[in-house]
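For reference, the structure is listed below as structure tokens.
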Amino acid sequence: MTSKGTVVCKYWQRGCCNRYPCPFLHGGDNKWVRETKASNSNSRKTEKKEMVWRRTEEKEKEKERCLCKYFLHGHCKYGADRCRYLHAWSWSTGAHDFSLLTPLHGHSKPITAILQPSGSDKLLSSSEDGTVNFWDCHTGQCVLTLNFGTEIGCIMTDGPSSLFVGTRDSVKVYNTENNTLLSLSGPAGLVYALAAHDNKLFAGTQVWAKKDKGGMEVIYTHTEEHGVLALCETSDATGQSVLSCSVNDQTVRLYNLPSFLERGRIFAKKEVQALQTGPGGLFFTGDGTGDLKVWKW
């Protein structure tokens with residue numbers, strides 16, 4: 001229970017107390033109250049300064065994780081040591097992270113698909129420039145370029161010698177052993193997806209899903225500020241599942257699964273439309289400039 005003698009008189013504070021003697025504190029007796037108020041005021045100022053400092057520190061950290069736009073075009077006057085923004089094609093949060101092995105230059109337009117057939121030492125990439133490149137996985141050199149003369153939407157292999165190429169209004173079948181080419185007409189528009197099953201080839205220009213009661217349900221939704229272009233699941237050096245998510249701000253966001261804690265980012269000159277995993281911790285990104293990059297956990 002609070003004693004009256006320790007409480008300041010509210011009428012005295014207003015300058016109109018007419019009680020004598022007053023059971024509450026007056027005058028010099030409330031010195032400790034003024035000191036407490038001053039202490040609280042200083043504390044609030046300190047807290048405010050600390051909040052401003054923390055916000056400033058967070059902004060500076062965010063800047064360090066933003067790609068320097070001048071570095072992007074190759075002419076930052078400050079250089080990597082003095083520039084407050086990032087001079088690298090990626091950043092990550094800690095141990096067991098990924099690194100860029102090598103960029104592969106060979107396409108002149110956006111890359112639409114990346115594929116490494118099982119058991120093959122070749123990496124395949126297709127592009128809107130109408131070409132499919134075969135890359136040697138040991139040297140990183142382009143050993144073969146097939147020019148189909150029209151925009152390519154996707155590629156698929158079926159066996160060691162058959163390459164299926166989705167183009168506008170047709171599917172091309174290329175035999176890598178005897179260098180023969182077969183054209184399958186029928187699709188209307190650019191073929192975006194190919195699949196093979198039971199000696200049948202399926203080609204899709206658009207993919208639709210029908211809602212079915214008792215089927216799959218959404219258990220988690222992660223909202224991206226920017227539109228999603230491509231998704232791909234990989235595993236880091238420890239076996240942790242990581243979701244690679246390409247969005248239309250020219251970055252690829254990497255998230256630990258199932259927590260969705262951000263693991264790192266990959267930057268590109270243009271939007272990354274193709275993502276693919278490979279053996280031995282490899283994964284690949286292909287952007288709108290035609291650059292193909294090889295990454296490794």
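Here, A, B, ... name the chains of the structure tokens in the order displayed, residue numbers run from 1 inside each chain, and ligands are numbered from 1 in the same displayed order.
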Would you give me, as an mmCIF file with all heavy atoms, in the first residue's frame, the residues in stretch 218-248 of chain A that DSSP reads as strand (DSSP E or B)?
```cif
data_model
loop_
_atom_site.group_PDB
_atom_site.id
_atom_site.type_symbol
_atom_site.label_atom_id
_atom_site.label_comp_id
_atom_site.auth_asym_id
_atom_site.auth_seq_id
_atom_site.Cartn_x
_atom_site.Cartn_y
_atom_site.Cartn_z
ATOM 1 N N VAL A 228 7.072 -14.240 -59.146
ATOM 2 C CA VAL A 228 7.903 -15.438 -59.222
ATOM 3 C C VAL A 228 7.976 -15.925 -60.660
ATOM 4 O O VAL A 228 6.957 -16.052 -61.345
ATOM 5 C CB VAL A 228 7.337 -16.548 -58.316
ATOM 6 C CG1 VAL A 228 8.143 -17.823 -58.454
ATOM 7 C CG2 VAL A 228 7.322 -16.088 -56.859
ATOM 8 N N LEU A 229 9.201 -16.219 -61.132
ATOM 9 C CA LEU A 229 9.424 -16.671 -62.494
ATOM 10 C C LEU A 229 9.747 -18.153 -62.591
ATOM 11 O O LEU A 229 9.336 -18.834 -63.524
ATOM 12 C CB LEU A 229 10.571 -15.865 -63.140
ATOM 13 C CG LEU A 229 10.385 -14.354 -63.212
ATOM 14 C CD1 LEU A 229 11.662 -13.700 -63.728
ATOM 15 C CD2 LEU A 229 9.221 -14.004 -64.107
ATOM 16 N N ALA A 230 10.524 -18.668 -61.641
ATOM 17 C CA ALA A 230 10.939 -20.077 -61.687
ATOM 18 C C ALA A 230 11.260 -20.551 -60.282
ATOM 19 O O ALA A 230 11.681 -19.765 -59.423
ATOM 20 C CB ALA A 230 12.151 -20.248 -62.594
ATOM 21 N N LEU A 231 11.073 -21.855 -60.055
ATOM 22 C CA LEU A 231 11.360 -22.479 -58.763
ATOM 23 C C LEU A 231 12.193 -23.731 -58.980
ATOM 24 O O LEU A 231 12.036 -24.423 -59.979
ATOM 25 C CB LEU A 231 10.066 -22.863 -58.038
ATOM 26 C CG LEU A 231 9.133 -21.738 -57.601
ATOM 27 C CD1 LEU A 231 7.815 -22.326 -57.117
ATOM 28 C CD2 LEU A 231 9.764 -20.893 -56.511
ATOM 29 N N CYS A 232 13.066 -24.010 -58.009
ATOM 30 C CA CYS A 232 13.893 -25.206 -58.105
ATOM 31 C C CYS A 232 14.380 -25.575 -56.701
ATOM 32 O O CYS A 232 14.826 -24.696 -55.949
ATOM 33 C CB CYS A 232 15.089 -24.964 -59.024
ATOM 34 S SG CYS A 232 16.162 -26.379 -59.246
ATOM 35 N N GLU A 233 14.279 -26.848 -56.337
ATOM 36 C CA GLU A 233 14.759 -27.294 -55.033
ATOM 37 C C GLU A 233 16.149 -27.896 -55.155
ATOM 38 O O GLU A 233 16.422 -28.684 -56.060
ATOM 39 C CB GLU A 233 13.822 -28.325 -54.418
ATOM 40 C CG GLU A 233 14.232 -28.736 -53.005
ATOM 41 C CD GLU A 233 13.337 -29.788 -52.408
ATOM 42 O OE1 GLU A 233 12.366 -30.183 -53.069
ATOM 43 O OE2 GLU A 233 13.618 -30.230 -51.270
ATOM 44 N N THR A 234 17.050 -27.489 -54.256
ATOM 45 C CA THR A 234 18.404 -28.023 -54.210
ATOM 46 C C THR A 234 18.707 -28.470 -52.783
ATOM 47 O O THR A 234 17.892 -28.291 -51.881
ATOM 48 C CB THR A 234 19.438 -26.972 -54.646
ATOM 49 O OG1 THR A 234 19.406 -25.867 -53.715
ATOM 50 C CG2 THR A 234 19.160 -26.459 -56.044
ATOM 51 N N SER A 235 19.879 -29.035 -52.581
ATOM 52 C CA SER A 235 20.340 -29.411 -51.237
ATOM 53 C C SER A 235 21.755 -28.905 -51.049
ATOM 54 O O SER A 235 22.584 -29.012 -51.964
ATOM 55 C CB SER A 235 20.308 -30.928 -51.054
ATOM 56 O OG SER A 235 18.988 -31.419 -51.125
ATOM 57 N N SER A 241 17.563 -28.954 -47.337
ATOM 58 C CA SER A 241 16.794 -28.591 -48.528
ATOM 59 C C SER A 241 16.709 -27.080 -48.665
ATOM 60 O O SER A 241 16.412 -26.378 -47.689
ATOM 61 C CB SER A 241 15.387 -29.188 -48.455
ATOM 62 O OG SER A 241 15.433 -30.599 -48.521
ATOM 63 N N VAL A 242 16.958 -26.599 -49.871
ATOM 64 C CA VAL A 242 16.946 -25.169 -50.147
ATOM 65 C C VAL A 242 16.092 -24.925 -51.387
ATOM 66 O O VAL A 242 16.260 -25.597 -52.407
ATOM 67 C CB VAL A 242 18.365 -24.624 -50.386
ATOM 68 C CG1 VAL A 242 18.322 -23.117 -50.666
ATOM 69 C CG2 VAL A 242 19.264 -24.915 -49.193
ATOM 70 N N LEU A 243 15.172 -23.971 -51.295
ATOM 71 C CA LEU A 243 14.338 -23.603 -52.431
ATOM 72 C C LEU A 243 14.934 -22.382 -53.120
ATOM 73 O O LEU A 243 15.126 -21.340 -52.494
ATOM 74 C CB LEU A 243 12.916 -23.285 -51.977
ATOM 75 C CG LEU A 243 11.955 -22.844 -53.085
ATOM 76 C CD1 LEU A 243 11.673 -24.007 -54.034
ATOM 77 C CD2 LEU A 243 10.646 -22.312 -52.497
ATOM 78 N N SER A 244 15.234 -22.529 -54.409
ATOM 79 C CA SER A 244 15.692 -21.401 -55.220
ATOM 80 C C SER A 244 14.471 -20.797 -55.899
ATOM 81 O O SER A 244 13.728 -21.499 -56.574
ATOM 82 C CB SER A 244 16.709 -21.858 -56.261
ATOM 83 O OG SER A 244 17.825 -22.452 -55.650
ATOM 84 N N CYS A 245 14.287 -19.507 -55.717
ATOM 85 C CA CYS A 245 13.095 -18.825 -56.224
ATOM 86 C C CYS A 245 13.530 -17.604 -57.039
ATOM 87 O O CYS A 245 14.040 -16.626 -56.495
ATOM 88 C CB CYS A 245 12.218 -18.404 -55.047
ATOM 89 S SG CYS A 245 10.756 -17.460 -55.515
ATOM 90 N N SER A 246 13.336 -17.671 -58.356
ATOM 91 C CA SER A 246 13.678 -16.549 -59.222
ATOM 92 C C SER A 246 12.505 -15.582 -59.276
ATOM 93 O O SER A 246 11.366 -15.987 -59.526
ATOM 94 C CB SER A 246 13.999 -17.053 -60.633
ATOM 95 O OG SER A 246 14.148 -15.969 -61.532
ATOM 96 N N VAL A 247 12.772 -14.303 -59.020
ATOM 97 C CA VAL A 247 11.725 -13.284 -59.047
ATOM 98 C C VAL A 247 12.100 -12.182 -60.026
ATOM 99 O O VAL A 247 13.242 -12.089 -60.479
ATOM 100 C CB VAL A 247 11.470 -12.700 -57.640
ATOM 101 C CG1 VAL A 247 10.918 -13.763 -56.708
ATOM 102 C CG2 VAL A 247 12.740 -12.119 -57.051
#
```
Shell around A:Gly227 at 12 Å using only C-alpha atoms, local window under 6 positions removed, as a PyMOL selection string | chain A and resi 245-253+271-273
Contacts of A:Gly166 at 6 Å (only C-alpha atoms; same-chain gap of 3+ positions) as a list in words | Ile152, Gly153, Cys154, Val171 and Val191 of chain A
Pull N, CA and C atoms from the residues just selected and write them as a PDB file, in the first residue's frame.
```pdb
ATOM      1  N   ILE A 152      13.010 -21.124 -79.022  1.00  0.00           N
ATOM      2  CA  ILE A 152      12.899 -22.406 -78.326  1.00  0.00           C
ATOM      3  C   ILE A 152      12.290 -22.169 -76.942  1.00  0.00           C
ATOM      4  N   GLY A 153      11.280 -22.988 -76.609  1.00  0.00           N
ATOM      5  CA  GLY A 153      10.621 -22.838 -75.313  1.00  0.00           C
ATOM      6  C   GLY A 153      11.087 -23.821 -74.270  1.00  0.00           C
ATOM      7  N   CYS A 154      11.547 -25.007 -74.683  1.00  0.00           N
ATOM      8  CA  CYS A 154      11.969 -26.020 -73.724  1.00  0.00           C
ATOM      9  C   CYS A 154      12.765 -27.099 -74.439  1.00  0.00           C
ATOM     10  N   VAL A 171       7.528 -29.695 -82.568  1.00  0.00           N
ATOM     11  CA  VAL A 171       8.544 -30.285 -81.705  1.00  0.00           C
ATOM     12  C   VAL A 171       9.606 -30.900 -82.603  1.00  0.00           C
ATOM     13  N   VAL A 191       5.921 -24.179 -77.728  1.00  0.00           N
ATOM     14  CA  VAL A 191       5.847 -25.313 -76.808  1.00  0.00           C
ATOM     15  C   VAL A 191       6.693 -24.997 -75.576  1.00  0.00           C
TER      16      VAL A 191
END
```
Excluding same-chain residues fewer than 3 positions from A:Leu104, what lies within 10 Å of it counting only C-alpha atoms, as a ChimeraX atom specification?
-> /A:101,107,135,140-142,286,290-294
Print the selection's residues with all heavy atoms to a file, as a CSV table (one decimal), in the first residue's frame.
```
chain,number,residue,atom,x,y,z
A,101,LEU,N,31.0,-21.1,-59.7
A,101,LEU,CA,32.1,-21.9,-60.3
A,101,LEU,C,32.6,-21.2,-61.6
A,101,LEU,O,33.8,-20.9,-61.7
A,101,LEU,CB,31.7,-23.3,-60.6
A,101,LEU,CG,31.6,-24.3,-59.4
A,101,LEU,CD1,31.4,-25.7,-59.9
A,101,LEU,CD2,32.9,-24.2,-58.6
A,107,HIS,N,24.9,-17.8,-75.5
A,107,HIS,CA,23.6,-17.4,-76.1
A,107,HIS,C,23.5,-15.9,-76.1
A,107,HIS,O,24.1,-15.1,-75.3
A,107,HIS,CB,22.5,-18.0,-75.2
A,107,HIS,CG,22.4,-19.5,-75.2
A,107,HIS,ND1,22.0,-20.2,-76.3
A,107,HIS,CD2,22.7,-20.4,-74.2
A,107,HIS,CE1,22.0,-21.5,-76.0
A,107,HIS,NE2,22.4,-21.6,-74.8
A,135,TRP,N,27.6,-28.1,-73.5
A,135,TRP,CA,28.7,-27.7,-72.8
A,135,TRP,C,29.4,-28.8,-72.1
A,135,TRP,O,28.8,-29.7,-71.6
A,135,TRP,CB,28.3,-26.7,-71.6
A,135,TRP,CG,27.5,-25.5,-72.1
A,135,TRP,CD1,26.1,-25.5,-72.2
A,135,TRP,CD2,27.9,-24.3,-72.5
A,135,TRP,NE1,25.7,-24.3,-72.6
A,135,TRP,CE2,26.8,-23.5,-72.8
A,135,TRP,CE3,29.2,-23.7,-72.6
A,135,TRP,CZ2,26.9,-22.2,-73.3
A,135,TRP,CZ3,29.3,-22.4,-73.1
A,135,TRP,CH2,28.2,-21.6,-73.4
A,140,GLY,N,34.1,-26.7,-69.4
A,140,GLY,CA,33.2,-25.5,-69.5
A,140,GLY,C,33.2,-24.9,-70.9
A,140,GLY,O,32.6,-23.9,-71.1
A,141,GLN,N,33.6,-25.7,-71.9
A,141,GLN,CA,33.6,-25.2,-73.3
A,141,GLN,C,32.4,-25.7,-74.0
A,141,GLN,O,31.9,-26.8,-73.7
A,141,GLN,CB,34.9,-25.7,-74.0
A,141,GLN,CG,36.2,-25.2,-73.4
A,141,GLN,CD,36.3,-23.7,-73.5
A,141,GLN,OE1,36.1,-23.1,-74.5
A,141,GLN,NE2,36.7,-23.1,-72.4
A,142,CYS,N,31.9,-24.8,-74.9
A,142,CYS,CA,30.8,-25.2,-75.8
A,142,CYS,C,31.3,-26.1,-76.9
A,142,CYS,O,32.1,-25.6,-77.7
A,142,CYS,CB,30.1,-24.0,-76.3
A,142,CYS,SG,28.6,-24.4,-77.4
A,286,GLY,N,20.1,-19.4,-65.6
A,286,GLY,CA,20.2,-18.8,-66.9
A,286,GLY,C,19.3,-17.5,-67.0
A,286,GLY,O,18.1,-17.6,-66.7
A,290,GLY,N,21.3,-14.2,-71.7
A,290,GLY,CA,21.9,-15.3,-72.3
A,290,GLY,C,23.0,-15.9,-71.5
A,290,GLY,O,23.6,-16.9,-72.0
A,291,ASP,N,23.3,-15.4,-70.4
A,291,ASP,CA,24.4,-15.9,-69.5
A,291,ASP,C,23.9,-17.1,-68.7
A,291,ASP,O,22.9,-17.1,-68.1
A,291,ASP,CB,24.9,-14.8,-68.5
A,291,ASP,CG,25.8,-13.8,-69.2
A,291,ASP,OD1,26.2,-14.0,-70.4
A,291,ASP,OD2,26.2,-12.8,-68.6
A,292,LEU,N,24.7,-18.1,-68.8
A,292,LEU,CA,24.5,-19.3,-68.0
A,292,LEU,C,25.6,-19.4,-66.9
A,292,LEU,O,26.8,-19.3,-67.2
A,292,LEU,CB,24.6,-20.6,-68.9
A,292,LEU,CG,24.6,-22.0,-68.3
A,292,LEU,CD1,23.3,-22.2,-67.5
A,292,LEU,CD2,24.8,-23.0,-69.3
A,293,LYS,N,25.2,-19.6,-65.7
A,293,LYS,CA,26.1,-19.6,-64.6
A,293,LYS,C,26.0,-20.9,-63.8
A,293,LYS,O,24.9,-21.5,-63.6
A,293,LYS,CB,25.9,-18.5,-63.6
A,293,LYS,CG,26.3,-17.1,-64.1
A,293,LYS,CD,26.2,-16.0,-63.0
A,293,LYS,CE,26.8,-14.7,-63.5
A,293,LYS,NZ,26.1,-14.1,-64.6
A,294,VAL,N,27.2,-21.5,-63.5
A,294,VAL,CA,27.3,-22.7,-62.7
A,294,VAL,C,27.7,-22.4,-61.3
A,294,VAL,O,28.7,-21.8,-61.0
A,294,VAL,CB,28.4,-23.7,-63.4
A,294,VAL,CG1,28.4,-25.0,-62.6
A,294,VAL,CG2,28.1,-23.9,-64.8
```
Atom pair atom CA of A:Asn175 / atom CA of A:Gly288: separation (Å) = 28.2 Å
Leaving out A:Ser99 and any residue of its chain fewer than 5 positions from it, which residues lie within 10 Å of it when counting only C-alpha atoms, given as a PyMOL selection string?
-> chain A and resi 89-92+266+282+294-297
Once you have the residues from the selection above, write them out as an mmCIF file, in the first residue's frame, restricted to all heavy atoms.
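Final output, result_21.cif:
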```
data_model
loop_
_atom_site.group_PDB
_atom_site.id
_atom_site.type_symbol
_atom_site.label_atom_id
_atom_site.label_comp_id
_atom_site.auth_asym_id
_atom_site.auth_seq_id
_atom_site.Cartn_x
_atom_site.Cartn_y
_atom_site.Cartn_z
ATOM 1 N N TRP A 89 28.221 -11.292 -57.354
ATOM 2 C CA TRP A 89 27.006 -11.783 -57.988
ATOM 3 C C TRP A 89 26.122 -12.562 -57.023
ATOM 4 O O TRP A 89 25.101 -13.121 -57.434
ATOM 5 C CB TRP A 89 27.352 -12.641 -59.202
ATOM 6 C CG TRP A 89 27.939 -11.828 -60.315
ATOM 7 C CD1 TRP A 89 29.229 -11.854 -60.744
ATOM 8 C CD2 TRP A 89 27.269 -10.861 -61.119
ATOM 9 N NE1 TRP A 89 29.404 -10.952 -61.770
ATOM 10 C CE2 TRP A 89 28.216 -10.334 -62.027
ATOM 11 C CE3 TRP A 89 25.956 -10.385 -61.169
ATOM 12 C CZ2 TRP A 89 27.897 -9.351 -62.964
ATOM 13 C CZ3 TRP A 89 25.635 -9.399 -62.099
ATOM 14 C CH2 TRP A 89 26.591 -8.898 -62.983
ATOM 15 N N SER A 90 26.508 -12.573 -55.727
ATOM 16 C CA SER A 90 25.676 -13.263 -54.745
ATOM 17 C C SER A 90 26.093 -12.851 -53.345
ATOM 18 O O SER A 90 27.179 -12.301 -53.146
ATOM 19 C CB SER A 90 25.798 -14.788 -54.893
ATOM 20 O OG SER A 90 27.116 -15.210 -54.562
ATOM 21 N N TRP A 91 25.227 -13.109 -52.361
ATOM 22 C CA TRP A 91 25.598 -13.046 -50.956
ATOM 23 C C TRP A 91 24.881 -14.178 -50.226
ATOM 24 O O TRP A 91 23.860 -14.679 -50.683
ATOM 25 C CB TRP A 91 25.283 -11.698 -50.311
ATOM 26 C CG TRP A 91 23.832 -11.305 -50.235
ATOM 27 C CD1 TRP A 91 23.170 -10.456 -51.050
ATOM 28 C CD2 TRP A 91 22.866 -11.749 -49.251
ATOM 29 N NE1 TRP A 91 21.851 -10.345 -50.667
ATOM 30 C CE2 TRP A 91 21.645 -11.112 -49.571
ATOM 31 C CE3 TRP A 91 22.921 -12.598 -48.158
ATOM 32 C CZ2 TRP A 91 20.475 -11.319 -48.827
ATOM 33 C CZ3 TRP A 91 21.761 -12.813 -47.417
ATOM 34 C CH2 TRP A 91 20.571 -12.171 -47.749
ATOM 35 N N SER A 92 25.456 -14.586 -49.103
ATOM 36 C CA SER A 92 24.863 -15.669 -48.335
ATOM 37 C C SER A 92 25.059 -15.395 -46.852
ATOM 38 O O SER A 92 25.838 -14.527 -46.462
ATOM 39 C CB SER A 92 25.497 -17.010 -48.722
ATOM 40 O OG SER A 92 26.903 -16.949 -48.578
ATOM 41 N N ILE A 266 21.121 -14.451 -55.356
ATOM 42 C CA ILE A 266 21.942 -14.426 -56.561
ATOM 43 C C ILE A 266 21.443 -13.281 -57.428
ATOM 44 O O ILE A 266 20.226 -13.102 -57.583
ATOM 45 C CB ILE A 266 21.846 -15.772 -57.318
ATOM 46 C CG1 ILE A 266 22.510 -16.890 -56.501
ATOM 47 C CG2 ILE A 266 22.482 -15.677 -58.692
ATOM 48 C CD1 ILE A 266 22.307 -18.271 -57.093
ATOM 49 N N LEU A 282 25.793 -29.246 -57.605
ATOM 50 C CA LEU A 282 25.767 -28.204 -58.629
ATOM 51 C C LEU A 282 24.340 -27.712 -58.848
ATOM 52 O O LEU A 282 23.379 -28.467 -58.711
ATOM 53 C CB LEU A 282 26.321 -28.723 -59.954
ATOM 54 C CG LEU A 282 27.787 -29.149 -59.999
ATOM 55 C CD1 LEU A 282 28.114 -29.710 -61.374
ATOM 56 C CD2 LEU A 282 28.705 -27.976 -59.673
ATOM 57 N N VAL A 294 27.210 -21.477 -63.463
ATOM 58 C CA VAL A 294 27.296 -22.747 -62.732
ATOM 59 C C VAL A 294 27.661 -22.432 -61.288
ATOM 60 O O VAL A 294 28.693 -21.787 -61.019
ATOM 61 C CB VAL A 294 28.354 -23.670 -63.360
ATOM 62 C CG1 VAL A 294 28.398 -25.001 -62.624
ATOM 63 C CG2 VAL A 294 28.078 -23.887 -64.849
ATOM 64 N N TRP A 295 26.838 -22.909 -60.338
ATOM 65 C CA TRP A 295 27.041 -22.691 -58.914
ATOM 66 C C TRP A 295 27.238 -24.026 -58.213
ATOM 67 O O TRP A 295 26.795 -25.058 -58.702
ATOM 68 C CB TRP A 295 25.822 -21.980 -58.301
ATOM 69 C CG TRP A 295 25.462 -20.697 -58.981
ATOM 70 C CD1 TRP A 295 24.701 -20.564 -60.101
ATOM 71 C CD2 TRP A 295 25.857 -19.383 -58.596
ATOM 72 N NE1 TRP A 295 24.575 -19.233 -60.445
ATOM 73 C CE2 TRP A 295 25.275 -18.486 -59.540
ATOM 74 C CE3 TRP A 295 26.608 -18.859 -57.557
ATOM 75 C CZ2 TRP A 295 25.446 -17.107 -59.458
ATOM 76 C CZ3 TRP A 295 26.784 -17.486 -57.458
ATOM 77 C CH2 TRP A 295 26.203 -16.636 -58.412
ATOM 78 N N LYS A 296 27.888 -23.969 -57.055
ATOM 79 C CA LYS A 296 28.130 -25.211 -56.292
ATOM 80 C C LYS A 296 28.008 -24.943 -54.800
ATOM 81 O O LYS A 296 28.483 -23.939 -54.298
ATOM 82 C CB LYS A 296 29.526 -25.772 -56.599
ATOM 83 C CG LYS A 296 29.825 -27.102 -55.892
ATOM 84 C CD LYS A 296 31.160 -27.659 -56.305
ATOM 85 C CE LYS A 296 31.481 -28.944 -55.540
ATOM 86 N NZ LYS A 296 30.497 -30.011 -55.802
ATOM 87 N N TRP A 297 27.342 -25.877 -54.109
ATOM 88 C CA TRP A 297 27.277 -25.826 -52.650
ATOM 89 C C TRP A 297 28.571 -26.349 -52.046
ATOM 90 O O TRP A 297 29.175 -27.246 -52.594
ATOM 91 C CB TRP A 297 26.107 -26.668 -52.139
ATOM 92 C CG TRP A 297 24.780 -26.081 -52.442
ATOM 93 C CD1 TRP A 297 23.907 -26.450 -53.422
ATOM 94 C CD2 TRP A 297 24.149 -25.004 -51.738
ATOM 95 N NE1 TRP A 297 22.778 -25.680 -53.373
ATOM 96 C CE2 TRP A 297 22.892 -24.761 -52.351
ATOM 97 C CE3 TRP A 297 24.529 -24.210 -50.646
ATOM 98 C CZ2 TRP A 297 22.015 -23.793 -51.917
ATOM 99 C CZ3 TRP A 297 23.654 -23.227 -50.227
ATOM 100 C CH2 TRP A 297 22.414 -23.017 -50.846
#
```
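One distance worth recording is that between atom CA of A:Asp129 and atom CA of A:Leu201, which is 24.4 Å.
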Check the smallest atom-to-atom distance from each of A:Thr139, A:Gln240, A:Thr289, A:Gln13 to A:Thr112 using only C-alpha atoms, then report the winner.
-> A:Thr289
Counting only C-alpha atoms, what is within 9 Å of A:Leu123, bar same-chain residues fewer than 2 positions away, as a list in words?
-> Ile114, Leu115, Gln116, Pro117, Ser120, Asp121, Ser125, Asn133, Phe134, Trp135, Asp136 and Cys137 of chain A
Go ahead and save the picked residues with N, CA, C and O atoms, as a PDB file, in the first residue's frame.
```
ATOM      1  N   ILE A 114      17.602 -25.390 -69.016  1.00  0.00           N
ATOM      2  CA  ILE A 114      18.923 -25.947 -68.712  1.00  0.00           C
ATOM      3  C   ILE A 114      18.720 -27.405 -68.344  1.00  0.00           C
ATOM      4  O   ILE A 114      17.800 -27.737 -67.591  1.00  0.00           O
ATOM      5  N   LEU A 115      19.568 -28.269 -68.869  1.00  0.00           N
ATOM      6  CA  LEU A 115      19.369 -29.694 -68.670  1.00  0.00           C
ATOM      7  C   LEU A 115      20.708 -30.420 -68.658  1.00  0.00           C
ATOM      8  O   LEU A 115      21.556 -30.178 -69.511  1.00  0.00           O
ATOM      9  N   GLN A 116      20.903 -31.301 -67.683  1.00  0.00           N
ATOM     10  CA  GLN A 116      22.042 -32.215 -67.691  1.00  0.00           C
ATOM     11  C   GLN A 116      21.510 -33.635 -67.639  1.00  0.00           C
ATOM     12  O   GLN A 116      21.070 -34.113 -66.589  1.00  0.00           O
ATOM     13  N   PRO A 117      21.530 -34.352 -68.771  1.00  0.00           N
ATOM     14  CA  PRO A 117      20.997 -35.717 -68.797  1.00  0.00           C
ATOM     15  C   PRO A 117      21.727 -36.615 -67.815  1.00  0.00           C
ATOM     16  O   PRO A 117      22.928 -36.461 -67.574  1.00  0.00           O
ATOM     17  N   SER A 120      25.405 -38.165 -68.191  1.00  0.00           N
ATOM     18  CA  SER A 120      26.094 -37.479 -69.277  1.00  0.00           C
ATOM     19  C   SER A 120      27.121 -36.491 -68.730  1.00  0.00           C
ATOM     20  O   SER A 120      26.956 -35.943 -67.631  1.00  0.00           O
ATOM     21  N   ASP A 121      28.181 -36.254 -69.492  1.00  0.00           N
ATOM     22  CA  ASP A 121      29.173 -35.249 -69.115  1.00  0.00           C
ATOM     23  C   ASP A 121      28.946 -33.955 -69.884  1.00  0.00           C
ATOM     24  O   ASP A 121      29.833 -33.121 -69.986  1.00  0.00           O
ATOM     25  N   SER A 125      21.745 -26.287 -72.854  1.00  0.00           N
ATOM     26  CA  SER A 125      20.982 -25.069 -72.599  1.00  0.00           C
ATOM     27  C   SER A 125      20.307 -24.627 -73.883  1.00  0.00           C
ATOM     28  O   SER A 125      20.884 -24.732 -74.975  1.00  0.00           O
ATOM     29  N   ASN A 133      22.904 -25.279 -76.916  1.00  0.00           N
ATOM     30  CA  ASN A 133      24.347 -25.445 -76.726  1.00  0.00           C
ATOM     31  C   ASN A 133      24.637 -26.676 -75.879  1.00  0.00           C
ATOM     32  O   ASN A 133      23.932 -26.962 -74.902  1.00  0.00           O
ATOM     33  N   PHE A 134      25.692 -27.394 -76.257  1.00  0.00           N
ATOM     34  CA  PHE A 134      26.194 -28.528 -75.491  1.00  0.00           C
ATOM     35  C   PHE A 134      27.509 -28.090 -74.840  1.00  0.00           C
ATOM     36  O   PHE A 134      28.463 -27.737 -75.536  1.00  0.00           O
ATOM     37  N   TRP A 135      27.551 -28.112 -73.499  1.00  0.00           N
ATOM     38  CA  TRP A 135      28.712 -27.658 -72.753  1.00  0.00           C
ATOM     39  C   TRP A 135      29.431 -28.849 -72.147  1.00  0.00           C
ATOM     40  O   TRP A 135      28.793 -29.728 -71.560  1.00  0.00           O
ATOM     41  N   ASP A 136      30.751 -28.889 -72.281  1.00  0.00           N
ATOM     42  CA  ASP A 136      31.556 -29.929 -71.648  1.00  0.00           C
ATOM     43  C   ASP A 136      31.657 -29.633 -70.154  1.00  0.00           C
ATOM     44  O   ASP A 136      32.143 -28.568 -69.753  1.00  0.00           O
ATOM     45  N   CYS A 137      31.198 -30.565 -69.319  1.00  0.00           N
ATOM     46  CA  CYS A 137      31.168 -30.336 -67.871  1.00  0.00           C
ATOM     47  C   CYS A 137      32.557 -30.289 -67.246  1.00  0.00           C
ATOM     48  O   CYS A 137      32.712 -29.808 -66.124  1.00  0.00           O
TER      49      CYS A 137
END
```
